[in-house]
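**Student:** Below is input-v2.tsv; it holds TSV, C-alpha atoms and all ligand atoms.
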```
chain	number	residue	atom	x	y	z
A	1127	MET	CA	0.00	0.00	0.00
A	1128	SER	CA	1.28	3.47	-0.88
A	1129	THR	CA	1.85	6.19	1.70
A	1130	VAL	CA	-0.31	9.03	0.38
A	1131	VAL	CA	0.71	12.58	1.28
A	1132	ALA	CA	-1.43	15.65	0.60
A	1133	ILE	CA	0.39	18.97	0.20
A	1134	ILE	CA	-2.19	21.60	1.05
A	1135	ASN	CA	-2.68	25.26	1.86
A	1136	GLN	CA	-5.63	27.33	0.69
A	1137	LYS	CA	-3.31	30.33	0.42
A	1138	GLY	CA	-1.60	30.84	-2.91
A	1139	GLY	CA	2.15	30.83	-3.49
A	1140	THR	CA	3.23	29.15	-0.23
A	1141	GLY	CA	5.55	26.57	-1.83
A	1142	LYS	CA	3.15	23.64	-2.36
A	1143	THR	CA	4.27	22.94	-5.92
A	1144	THR	CA	7.97	23.53	-5.17
A	1145	THR	CA	7.64	21.00	-2.34
A	1146	ALA	CA	5.65	18.48	-4.43
A	1147	ILE	CA	8.32	18.54	-7.14
A	1148	ASN	CA	11.41	18.47	-4.96
A	1149	LEU	CA	10.24	16.14	-2.18
A	1150	SER	CA	8.94	13.63	-4.75
A	1151	ALA	CA	12.23	13.91	-6.67
A	1152	GLY	CA	14.12	13.46	-3.40
A	1153	LEU	CA	12.15	10.29	-2.60
A	1154	ALA	CA	12.67	8.91	-6.11
A	1155	TYR	CA	16.41	9.62	-5.93
A	1156	GLN	CA	16.45	7.74	-2.63
A	1157	GLY	CA	15.15	4.73	-4.53
A	1158	TYR	CA	11.46	4.94	-3.63
A	1159	ARG	CA	8.95	4.43	-6.43
A	1160	THR	CA	7.00	7.67	-6.26
A	1161	LEU	CA	3.92	9.12	-7.93
A	1162	VAL	CA	3.14	12.80	-7.88
A	1163	VAL	CA	-0.50	13.67	-8.54
A	1164	ASP	CA	-1.00	17.16	-9.92
A	1165	LEU	CA	-4.42	18.08	-8.55
A	1166	ASP	CA	-4.13	21.77	-9.43
A	1167	PRO	CA	-5.74	22.97	-12.70
A	1168	GLN	CA	-2.82	25.40	-13.00
A	1169	GLY	CA	-0.68	22.35	-13.82
A	1170	HIS	CA	2.51	23.80	-12.33
A	1171	THR	CA	3.86	20.46	-11.09
A	1172	THR	CA	3.24	18.96	-14.52
A	1173	ILE	CA	5.15	21.74	-16.29
A	1174	GLY	CA	7.76	21.91	-13.52
A	1175	LEU	CA	8.67	18.25	-14.12
A	1176	GLY	CA	9.12	18.93	-17.81
A	1177	VAL	CA	5.84	17.39	-19.00
A	1178	GLU	CA	4.22	19.72	-21.55
A	1179	PRO	CA	0.40	19.96	-21.72
A	1180	ASP	CA	0.37	18.93	-25.41
A	1181	SER	CA	2.35	15.74	-24.68
A	1182	PHE	CA	-0.57	13.86	-23.04
A	1183	GLN	CA	-4.18	13.16	-24.01
A	1184	GLU	CA	-5.70	12.40	-20.66
A	1185	CYS	CA	-5.01	13.65	-17.19
A	1186	MET	CA	-6.52	14.09	-13.71
A	1187	ALA	CA	-9.49	15.92	-15.32
A	1188	GLU	CA	-10.58	12.62	-16.90
A	1189	VAL	CA	-9.97	10.73	-13.63
A	1190	LEU	CA	-12.45	13.05	-11.90
A	1191	SER	CA	-14.97	13.10	-14.77
A	1192	VAL	CA	-17.80	10.80	-15.85
A	1193	PRO	CA	-17.14	8.40	-17.54
A	1194	ARG	CA	-14.10	7.98	-15.43
A	1195	LYS	CA	-10.55	7.02	-16.48
A	1196	ARG	CA	-8.47	4.94	-14.10
A	1197	ILE	CA	-5.52	6.89	-12.72
A	1198	ALA	CA	-3.18	4.16	-14.00
A	1199	GLU	CA	-4.28	5.12	-17.54
A	1200	VAL	CA	-3.13	8.73	-17.25
A	1201	ILE	CA	0.21	8.24	-15.44
A	1202	VAL	CA	3.33	9.27	-17.38
A	1203	ALA	CA	7.01	8.74	-16.60
A	1204	THR	CA	9.10	11.82	-15.78
A	1205	TYR	CA	12.76	12.35	-16.67
A	1206	ILE	CA	13.68	11.15	-13.13
A	1207	PRO	CA	13.99	7.36	-12.78
A	1208	GLY	CA	11.33	6.04	-10.40
A	1209	LEU	CA	9.26	9.25	-10.45
A	1210	TYR	CA	5.88	9.18	-12.18
A	1211	LEU	CA	3.28	11.88	-12.72
A	1212	ALA	CA	-0.50	11.98	-12.97
A	1213	PRO	CA	-0.61	15.24	-14.96
A	1214	SER	CA	-3.06	18.12	-14.79
A	1215	HIS	CA	-4.54	20.48	-17.33
A	1216	ILE	CA	-6.72	23.58	-17.05
A	1217	ARG	CA	-9.76	21.43	-17.92
A	1218	LEU	CA	-9.46	19.93	-14.42
A	1219	ALA	CA	-11.18	23.14	-13.22
A	1220	ARG	CA	-14.35	22.20	-15.18
A	1221	ALA	CA	-14.15	18.56	-13.99
A	1222	ALA	CA	-13.95	19.78	-10.38
A	1223	GLU	CA	-17.04	21.98	-10.84
A	1224	GLN	CA	-18.99	19.03	-12.23
A	1225	CYS	CA	-18.02	16.94	-9.18
A	1226	TYR	CA	-20.24	19.11	-6.98
A	1227	THR	CA	-23.40	17.38	-8.21
A	1228	ARG	CA	-22.08	13.84	-7.62
A	1229	VAL	CA	-22.62	11.59	-4.62
A	1230	PHE	CA	-19.46	10.58	-2.72
A	1231	ARG	CA	-17.67	13.36	-4.63
A	1232	GLU	CA	-14.97	13.61	-1.95
A	1233	MET	CA	-14.05	9.93	-2.39
A	1234	ILE	CA	-13.29	9.89	-6.12
A	1235	LEU	CA	-9.52	10.28	-5.79
A	1236	ALA	CA	-9.24	7.82	-2.89
A	1237	GLN	CA	-11.03	5.17	-4.97
A	1238	SER	CA	-8.88	5.84	-8.01
A	1239	LEU	CA	-5.66	5.41	-5.99
A	1240	GLU	CA	-6.71	1.96	-4.70
A	1241	GLY	CA	-4.48	-0.85	-5.89
A	1242	LEU	CA	-1.68	1.40	-7.22
A	1243	GLU	CA	1.78	0.09	-6.47
A	1244	PHE	CA	3.91	3.03	-5.39
A	1245	ASP	CA	5.91	3.55	-2.22
A	1246	PHE	CA	4.78	7.17	-2.01
A	1247	VAL	CA	2.03	9.20	-3.63
A	1248	LEU	CA	2.34	12.99	-3.21
A	1249	ILE	CA	-0.63	15.18	-4.13
A	1250	ASP	CA	-0.09	18.82	-5.09
A	1251	CYS	CA	-3.31	20.70	-4.28
A	1252	PRO	CA	-4.70	23.99	-5.57
A	1253	PRO	CA	-4.88	27.07	-3.32
A	1254	SER	CA	-8.41	26.44	-2.06
A	1255	LEU	CA	-10.31	24.19	0.35
A	1256	GLY	CA	-12.67	23.04	-2.42
A	1257	VAL	CA	-13.54	19.58	-3.69
A	1258	LEU	CA	-10.03	18.87	-5.03
A	1259	THR	CA	-8.37	19.50	-1.68
A	1260	THR	CA	-11.04	17.52	0.23
A	1261	ASN	CA	-10.47	14.62	-2.19
A	1262	SER	CA	-6.77	14.73	-1.34
A	1263	LEU	CA	-7.59	14.78	2.39
A	1264	PHE	CA	-9.80	11.70	2.09
A	1265	SER	CA	-7.00	9.89	0.26
A	1266	CYS	CA	-4.03	10.71	2.46
A	1267	SER	CA	-2.40	9.39	5.61
A	1268	PHE	CA	-0.09	12.41	6.03
A	1269	ILE	CA	-0.43	16.14	5.33
A	1270	ILE	CA	2.24	18.73	4.61
A	1271	ILE	CA	1.23	22.39	4.99
A	1272	PRO	CA	3.82	24.70	3.42
A	1273	CYS	CA	3.72	28.22	4.93
A	1274	GLN	CA	5.66	31.30	3.94
A	1275	ILE	CA	7.33	33.47	6.52
A	1276	SER	CA	5.07	36.52	6.46
A	1277	ARG	CA	2.64	38.40	8.71
A	1278	TYR	CA	-0.53	36.81	7.29
A	1279	SER	CA	0.84	33.39	6.40
A	1280	LEU	CA	-0.69	31.64	9.40
A	1281	ASP	CA	-4.16	33.19	8.97
A	1282	GLY	CA	-6.40	30.42	7.74
A	1283	LEU	CA	-4.34	27.67	9.42
A	1284	ALA	CA	-7.15	27.16	11.98
A	1285	ASP	CA	-9.74	26.84	9.16
A	1286	LEU	CA	-7.53	24.39	7.36
A	1287	LEU	CA	-7.05	22.24	10.47
A	1288	THR	CA	-10.80	22.31	11.14
A	1289	THR	CA	-11.34	20.95	7.62
A	1290	VAL	CA	-8.80	18.19	8.34
A	1291	GLU	CA	-10.61	17.31	11.60
A	1292	THR	CA	-13.94	17.11	9.78
A	1293	VAL	CA	-12.64	14.93	6.95
A	1294	LYS	CA	-10.67	12.65	9.26
A	1295	ASN	CA	-13.45	12.60	11.89
A	1296	LEU	CA	-11.08	13.71	14.67
A	1297	SER	CA	-11.48	16.05	17.62
A	1298	PRO	CA	-8.88	18.88	17.88
A	1299	GLU	CA	-7.12	16.89	20.65
A	1300	GLU	CA	-7.04	13.73	18.54
A	1301	LEU	CA	-5.65	15.69	15.60
A	1302	PHE	CA	-2.71	16.75	17.76
A	1303	GLU	CA	-2.23	13.28	19.28
A	1304	GLN	CA	-1.94	11.64	15.89
A	1305	ASP	CA	1.16	12.10	13.79
A	1306	LEU	CA	-0.91	13.31	10.86
A	1307	PHE	CA	0.46	16.66	9.72
A	1308	ARG	CA	3.50	18.91	9.63
A	1309	ILE	CA	3.83	22.60	8.82
A	1310	LEU	CA	6.76	23.35	6.51
A	1311	LEU	CA	8.30	26.81	6.67
A	1312	THR	CA	9.33	27.95	3.21
A	1313	THR	CA	11.17	31.09	1.98
A	1314	TYR	CA	12.97	31.51	5.32
A	1315	ASP	CA	15.50	34.36	5.29
A	1316	ARG	CA	17.82	34.67	8.30
A	1317	ARG	CA	18.19	38.43	7.71
A	1318	ASN	CA	14.49	39.09	8.42
A	1319	ARG	CA	14.92	38.75	12.17
A	1320	VAL	CA	11.76	40.56	13.30
A	1321	THR	CA	9.46	38.63	10.94
A	1322	ASN	CA	11.12	35.32	11.80
A	1323	GLU	CA	10.72	35.93	15.54
A	1324	TYR	CA	7.07	36.88	15.04
A	1325	ILE	CA	6.27	33.74	13.01
A	1326	LEU	CA	8.14	31.40	15.36
A	1327	GLU	CA	6.26	32.91	18.30
A	1328	GLN	CA	2.93	32.37	16.50
A	1329	LEU	CA	3.95	28.81	15.72
A	1330	LYS	CA	4.84	27.90	19.32
A	1331	PRO	CA	1.62	25.87	19.84
A	1332	TYR	CA	2.52	23.93	16.69
A	1333	ARG	CA	6.20	23.40	17.47
A	1334	ASP	CA	5.92	19.58	17.47
A	1335	LYS	CA	3.92	19.79	14.27
A	1336	THR	CA	6.49	21.85	12.36
A	1337	PHE	CA	9.30	20.26	10.34
A	1338	ALA	CA	12.70	20.94	11.91
A	1339	THR	CA	13.88	21.58	8.34
A	1340	PHE	CA	13.18	25.12	7.15
A	1341	ILE	CA	13.32	25.83	3.41
A	1342	MET	CA	15.44	28.96	2.97
A	1343	LYS	CA	14.62	31.56	0.38
A	1344	ASN	CA	16.72	30.53	-2.61
A	1345	GLU	CA	16.60	31.93	-6.13
A	1346	ALA	CA	17.81	28.59	-7.55
A	1347	LEU	CA	14.42	27.07	-6.60
A	1348	ASN	CA	12.72	29.69	-8.76
A	1349	GLN	CA	15.13	29.10	-11.61
A	1350	ALA	CA	14.69	25.31	-11.39
A	1351	GLN	CA	10.95	25.77	-12.07
A	1352	ILE	CA	11.78	27.80	-15.18
A	1353	ALA	CA	14.27	25.11	-16.26
A	1354	GLN	CA	11.54	22.46	-15.56
A	1355	LYS	CA	13.85	20.43	-13.36
A	1356	ALA	CA	14.04	19.30	-9.76
A	1357	ILE	CA	16.52	21.36	-7.74
A	1358	PHE	CA	18.85	18.32	-7.39
A	1359	ASP	CA	19.37	18.33	-11.15
A	1360	TYR	CA	19.29	22.09	-11.70
A	1361	ASP	CA	21.73	23.13	-8.96
A	1362	PRO	CA	22.68	20.28	-6.60
A	1363	ARG	CA	24.95	22.58	-4.56
A	1364	SER	CA	22.33	25.26	-3.91
A	1365	SER	CA	20.84	25.85	-0.48
A	1366	GLY	CA	17.48	24.80	-1.98
A	1367	ALA	CA	18.92	21.38	-2.89
A	1368	HIS	CA	20.42	21.08	0.60
A	1369	ASP	CA	17.11	21.98	2.28
A	1370	TYR	CA	14.97	19.64	0.18
A	1371	ARG	CA	17.50	16.82	0.70
A	1372	GLN	CA	17.22	17.42	4.45
A	1373	LEU	CA	13.42	17.55	4.21
A	1374	THR	CA	13.44	14.20	2.39
A	1375	THR	CA	15.50	12.67	5.20
A	1376	GLU	CA	13.28	14.16	7.93
A	1377	PHE	CA	10.13	13.03	6.13
A	1378	LEU	CA	11.50	9.47	5.81
A	1379	GLU	CA	12.35	9.47	9.55
A	1380	ILE	CA	8.74	10.43	10.35
A	1381	CYS	CA	7.49	7.60	8.09
A	1382	GLN	CA	9.85	5.20	9.85
A	1383	ARG	CA	8.46	6.23	13.26
A	1384	LYS	CA	4.95	5.71	11.90
A	1385	ASN	CA	6.02	2.25	10.64
A	1386	ASN	CA	5.13	3.43	7.18
A	1387	LEU	CA	8.49	3.09	5.52
A	1388	PRO	CA	8.66	0.72	2.58
A	1389	GLY	CA	11.80	-1.36	2.01
A	1390	LYS	CA	14.71	0.84	0.95
A	1391	ARG	CA	16.10	0.50	-2.55
A	1392	PRO	CA	19.53	1.51	-3.82
A	1393	SER	CA	19.84	5.28	-3.96
A	1394	TRP	CA	20.72	7.15	-7.12
A	1395	GLN	CA	24.15	8.66	-7.42
A	1396	SER	CA	23.00	12.15	-8.37
A	1397	PHE	CA	21.19	12.54	-5.06
A	1398	LEU	CA	24.36	12.08	-2.99
B	1401	LIG	N1	12.29	28.63	-0.98
B	1401	LIG	C1	12.00	29.40	-2.04
B	1401	LIG	N2	12.85	30.40	-2.40
B	1401	LIG	C2	12.58	31.19	-3.45
B	1401	LIG	N3	11.49	31.08	-4.22
B	1401	LIG	C3	10.61	30.11	-3.92
B	1401	LIG	C4	10.82	29.22	-2.82
B	1401	LIG	N4	9.77	28.36	-2.76
B	1401	LIG	C5	8.95	28.69	-3.77
B	1401	LIG	N5	9.45	29.74	-4.46
B	1401	LIG	C6	8.83	30.41	-5.61
B	1401	LIG	O1	7.63	31.02	-5.16
B	1401	LIG	C7	6.63	30.89	-6.16
B	1401	LIG	C8	5.43	30.14	-5.57
B	1401	LIG	O2	5.84	28.83	-5.22
B	1401	LIG	P1	4.92	27.58	-5.53
B	1401	LIG	O3	4.45	27.62	-6.95
B	1401	LIG	O4	5.66	26.37	-5.09
B	1401	LIG	O5	3.71	27.88	-4.56
B	1401	LIG	P2	2.26	27.20	-4.54
B	1401	LIG	O6	1.84	27.17	-3.11
B	1401	LIG	O7	2.28	25.93	-5.27
B	1401	LIG	O8	1.41	28.27	-5.35
B	1401	LIG	P3	-0.14	28.08	-5.80
B	1401	LIG	O9	-0.92	28.29	-4.56
B	1401	LIG	O10	-0.35	29.13	-6.83
B	1401	LIG	O11	-0.26	26.70	-6.34
B	1401	LIG	C9	7.26	30.16	-7.32
B	1401	LIG	O12	7.69	31.10	-8.27
B	1401	LIG	C10	8.46	29.45	-6.71
B	1401	LIG	O13	9.52	29.27	-7.64
B	1402	MG	MG	1.03	25.26	-6.81
```
Could you render the structure from this file as structure tokens?
**Tutor:**
Amino acid sequence: MSTVVAIINQKGGTGKTTTAINLSAGLAYQGYRTLVVDLDPQGHTTIGLGVEPDSFQECMAEVLSVPRKRIAEVIVATYIPGLYLAPSHIRLARAAEQCYTRVFREMILAQSLEGLEFDFVLIDCPPSLGVLTTNSLFSCSFIIIPCQISRYSLDGLADLLTTVETVKNLSPEELFEQDLFRILLTTYDRRNRVTNEYILEQLKPYRDKTFATFIMKNEALNQAQIAQKAIFDYDPRSSGAHDYRQLTTEFLEICQRKNNLPGKRPSWQSFL
């Protein structure tokens, strides 16, 4: 059974796609067979992994539509060995709208992932708490919430966690007892002392639920998206590559503690 991870935040531009691309690449380079599901009609993960919208016929839009395609029918290989993609296209926006009239609409993705043989499935969600994000929440056993370091970045976190409690049928206490989610701080800049202190103070109640790895602000991560490559291939010596390598390790340690770690395979040289 795959470990399914939803990468969510209803705020835009918090680093969801950057994390989906680079954590999934990190896992694949560690030898884990990994699928990244692009559940955002913007299709940024698809493009970011070098898969052009005119290179595939069917995508997640058809998986969420009636008649329904099986997810296995839309998966494509990426340029990274062991990393596969269920691509997205702008027409996923229409498919999501049509879901609203269907029964069990929040379960469509979970059903379509059944029986897939991957070690990890990472889902990149759009910046909303709509039907696509709730589908990812129903499917997942772990949640990553990327947050930028800025004054308003933590507004909405309470709403988001309430949605998680509802979907997972947990009380607020149970949500904290279970090892179900981690906040990931992205675009951290040591020079912005006042902002950093403010955010870390706000995050005190969530300290145990925040990754020890912070993703520093790093222009190479921006450039890697333009080059349509994971950071490990674009600039393996950058701080972005260092941070996402460390995040991969920390994430795998969490999976190990949760007894969710599949058997390790030989790692790829370029990751080292
Ligand atoms: N650590 C970082 N340092 C510098 N730039 C970054 C970093 N992380 C992300 N970015 C850039 O910030 C922008 C937004 O990042 P990203 O697309 O990952 O956010 P998102 O949460 O997926 O956005 P959306 O909500 O629109 O889907 C991108 O241009 C990306 O290259
Ligand atoms: Mg995105």
**Student:** Rank nothing, just name the residue among A:Val1200, A:Gly1139, A:Leu1242, A:Ser1191 nearest to A:Arg1159, using all atoms listed in the file.
**Tutor:**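 Of all the options, A:Leu1242 lies closest to A:Arg1159.
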**Student:** Please write out the residues within 10 Å of ligand MG 1402 (chain B) as a PDB file with C-alpha atoms, keeping the file's coordinate frame, counting all atoms listed in the file.
**Tutor:**
```
ATOM      1  CA  ILE A1133       0.390  18.970   0.200  1.00  0.00           C
ATOM      2  CA  ILE A1134      -2.190  21.600   1.050  1.00  0.00           C
ATOM      3  CA  ASN A1135      -2.680  25.260   1.860  1.00  0.00           C
ATOM      4  CA  LYS A1137      -3.310  30.330   0.420  1.00  0.00           C
ATOM      5  CA  GLY A1138      -1.600  30.840  -2.910  1.00  0.00           C
ATOM      6  CA  GLY A1139       2.150  30.830  -3.490  1.00  0.00           C
ATOM      7  CA  THR A1140       3.230  29.150  -0.230  1.00  0.00           C
ATOM      8  CA  GLY A1141       5.550  26.570  -1.830  1.00  0.00           C
ATOM      9  CA  LYS A1142       3.150  23.640  -2.360  1.00  0.00           C
ATOM     10  CA  THR A1143       4.270  22.940  -5.920  1.00  0.00           C
ATOM     11  CA  THR A1144       7.970  23.530  -5.170  1.00  0.00           C
ATOM     12  CA  THR A1145       7.640  21.000  -2.340  1.00  0.00           C
ATOM     13  CA  ALA A1146       5.650  18.480  -4.430  1.00  0.00           C
ATOM     14  CA  ILE A1147       8.320  18.540  -7.140  1.00  0.00           C
ATOM     15  CA  ASP A1164      -1.000  17.160  -9.920  1.00  0.00           C
ATOM     16  CA  LEU A1165      -4.420  18.080  -8.550  1.00  0.00           C
ATOM     17  CA  ASP A1166      -4.130  21.770  -9.430  1.00  0.00           C
ATOM     18  CA  PRO A1167      -5.740  22.970 -12.700  1.00  0.00           C
ATOM     19  CA  GLN A1168      -2.820  25.400 -13.000  1.00  0.00           C
ATOM     20  CA  GLY A1169      -0.680  22.350 -13.820  1.00  0.00           C
ATOM     21  CA  HIS A1170       2.510  23.800 -12.330  1.00  0.00           C
ATOM     22  CA  THR A1171       3.860  20.460 -11.090  1.00  0.00           C
ATOM     23  CA  ASP A1250      -0.090  18.820  -5.090  1.00  0.00           C
ATOM     24  CA  CYS A1251      -3.310  20.700  -4.280  1.00  0.00           C
ATOM     25  CA  PRO A1252      -4.700  23.990  -5.570  1.00  0.00           C
ATOM     26  CA  PRO A1253      -4.880  27.070  -3.320  1.00  0.00           C
TER      27      PRO A1253
END
```
**Student:** Find the residue from A:Cys1266, A:Leu1329, A:Leu1190, A:Ile1173 that sits nearest to ligand LIG 1401 (chain B); use only C-alpha atoms and all ligand atoms when measuring.
**Tutor:**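 Between A:Cys1266, A:Leu1329, A:Leu1190, A:Ile1173, the residue approaching ligand LIG 1401 (chain B) most closely is A:Ile1173.
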**Student:** Using all atoms listed in the file, find the one residue out of A:Leu1287, A:Met1233, A:Leu1258, A:Leu1175 that sits nearest to A:Ala1350.
**Tutor:**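 Checking each of A:Leu1287, A:Met1233, A:Leu1258, A:Leu1175 against A:Ala1350, counting all atoms listed in the file, the winner is A:Leu1175.
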**Student:** Take atom CA of A:Glu1223 and atom CA of A:Leu1235 and report the distance between them in Å, one decimal.
**Tutor:**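 Distance between the two atoms: 14.8 Å.
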**Student:** Let me know the centre plus edge lengths, in Å and rounded to one decimal, of a box with edges along x, y and z that contains all listed atoms of stretch 1376-1387 of chain A and is padded by 4 Å on every side, as lines of an AutoDock Vina configuration file.
**Tutor:**
```
center_x = 9.1
center_y = 8.2
center_z = 9.4
size_x = 16.3
size_y = 19.9
size_z = 15.7
```
**Student:** To one decimal place in Å, what is the distance between atom CA of A:Gln1237 and atom CA of A:Phe1264?
**Tutor:**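 Atom CA of A:Gln1237 sits 9.7 Å away from atom CA of A:Phe1264.
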**Student:** Could you tell me how far atom CA of A:Ala1284 lies from atom C9 of ligand LIG 1401 (chain B), in Å and to one decimal?
**Tutor:**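 These two atoms are separated by 24.3 Å.
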**Student:** Of the candidates A:Val1131, A:Ile1270, A:Ala1367, A:Ile1206, which one gets nearest to A:Ala1236 if we count only C-alpha atoms?
**Tutor:**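 Using only C-alpha atoms, A:Ala1236 sits closest to A:Val1131.
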**Student:** Please list as a PDB file with C-alpha atoms, keeping the file's coordinate frame every residue within 12 Å of A:Arg1316, counting only C-alpha atoms and excluding residues in the same chain fewer than 2 positions away.
**Tutor:**
```pdb
ATOM      1  CA  ILE A1275       7.330  33.470   6.520  1.00  0.00           C
ATOM      2  CA  THR A1312       9.330  27.950   3.210  1.00  0.00           C
ATOM      3  CA  THR A1313      11.170  31.090   1.980  1.00  0.00           C
ATOM      4  CA  TYR A1314      12.970  31.510   5.320  1.00  0.00           C
ATOM      5  CA  ASN A1318      14.490  39.090   8.420  1.00  0.00           C
ATOM      6  CA  ARG A1319      14.920  38.750  12.170  1.00  0.00           C
ATOM      7  CA  VAL A1320      11.760  40.560  13.300  1.00  0.00           C
ATOM      8  CA  THR A1321       9.460  38.630  10.940  1.00  0.00           C
ATOM      9  CA  ASN A1322      11.120  35.320  11.800  1.00  0.00           C
ATOM     10  CA  GLU A1323      10.720  35.930  15.540  1.00  0.00           C
ATOM     11  CA  PHE A1340      13.180  25.120   7.150  1.00  0.00           C
ATOM     12  CA  ILE A1341      13.320  25.830   3.410  1.00  0.00           C
ATOM     13  CA  MET A1342      15.440  28.960   2.970  1.00  0.00           C
ATOM     14  CA  LYS A1343      14.620  31.560   0.380  1.00  0.00           C
ATOM     15  CA  ASN A1344      16.720  30.530  -2.610  1.00  0.00           C
TER      16      ASN A1344
END
```
**Student:** Around (-2.7, 10.4, -20.9) in the file's own coordinates, what residues are found within 9 Å if you use all atoms listed in the file, given back as a PDB file with C-alpha atoms, in the frame of the given file?
**Tutor:**
```
ATOM      1  CA  SER A1181       2.350  15.740 -24.680  1.00  0.00           C
ATOM      2  CA  PHE A1182      -0.570  13.860 -23.040  1.00  0.00           C
ATOM      3  CA  GLN A1183      -4.180  13.160 -24.010  1.00  0.00           C
ATOM      4  CA  GLU A1184      -5.700  12.400 -20.660  1.00  0.00           C
ATOM      5  CA  CYS A1185      -5.010  13.650 -17.190  1.00  0.00           C
ATOM      6  CA  MET A1186      -6.520  14.090 -13.710  1.00  0.00           C
ATOM      7  CA  GLU A1199      -4.280   5.120 -17.540  1.00  0.00           C
ATOM      8  CA  VAL A1200      -3.130   8.730 -17.250  1.00  0.00           C
ATOM      9  CA  ILE A1201       0.210   8.240 -15.440  1.00  0.00           C
ATOM     10  CA  VAL A1202       3.330   9.270 -17.380  1.00  0.00           C
ATOM     11  CA  ALA A1212      -0.500  11.980 -12.970  1.00  0.00           C
ATOM     12  CA  PRO A1213      -0.610  15.240 -14.960  1.00  0.00           C
TER      13      PRO A1213
END
```
**Student:** Nearest to A:Thr1160: which of A:Leu1310, A:Leu1218, A:Leu1286, A:Ala1203 is it, counting all atoms listed in the file?
**Tutor:**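 Closest to A:Thr1160, using all atoms listed in the file: A:Ala1203.
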**Student:** As a PyMOL selection string, please: the residues near A:Leu1301 (cut-off 12 Å, only C-alpha atoms, same-chain neighbours under 2 positions excluded).
**Tutor:** chain A and resi 1268-1269+1287-1299+1303-1308+1332+1335
**Student:** Contacts of A:Phe1244 at 9 Å or less, counting all atoms listed in the file, minus same-chain residues fewer than 4 places along, as a PDB file with C-alpha atoms, keeping the file's coordinate frame?
**Tutor:**
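To be explicit, this is the file written out as selection_33.pdb:
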```
ATOM      1  CA  MET A1127       0.000   0.000   0.000  1.00  0.00           C
ATOM      2  CA  SER A1128       1.280   3.470  -0.880  1.00  0.00           C
ATOM      3  CA  THR A1129       1.850   6.190   1.700  1.00  0.00           C
ATOM      4  CA  TYR A1158      11.460   4.940  -3.630  1.00  0.00           C
ATOM      5  CA  ARG A1159       8.950   4.430  -6.430  1.00  0.00           C
ATOM      6  CA  THR A1160       7.000   7.670  -6.260  1.00  0.00           C
ATOM      7  CA  LEU A1161       3.920   9.120  -7.930  1.00  0.00           C
TER       8      LEU A1161
END
```
**Student:** Looking at all atoms listed in the file, which of A:Ile1352, A:Cys1381, A:Val1162, A:Ile1309 is the one that sits closest to ligand LIG 1401 (chain B)?
**Tutor:**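 With all atoms listed in the file as the atom set, the closest residue is A:Ile1352.
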**Student:** Every residue with an atom at most 10 Å from (-1.8, 38.6, 11.3) (file coordinates; all atoms listed in the file) is what I'm after, so could you write them as a list in words?
**Tutor:**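 The requested residues, written out, are Ser1276, Arg1277, Tyr1278, Ser1279, Leu1280, Asp1281, Tyr1324, Ile1325 and Gln1328 of chain A.
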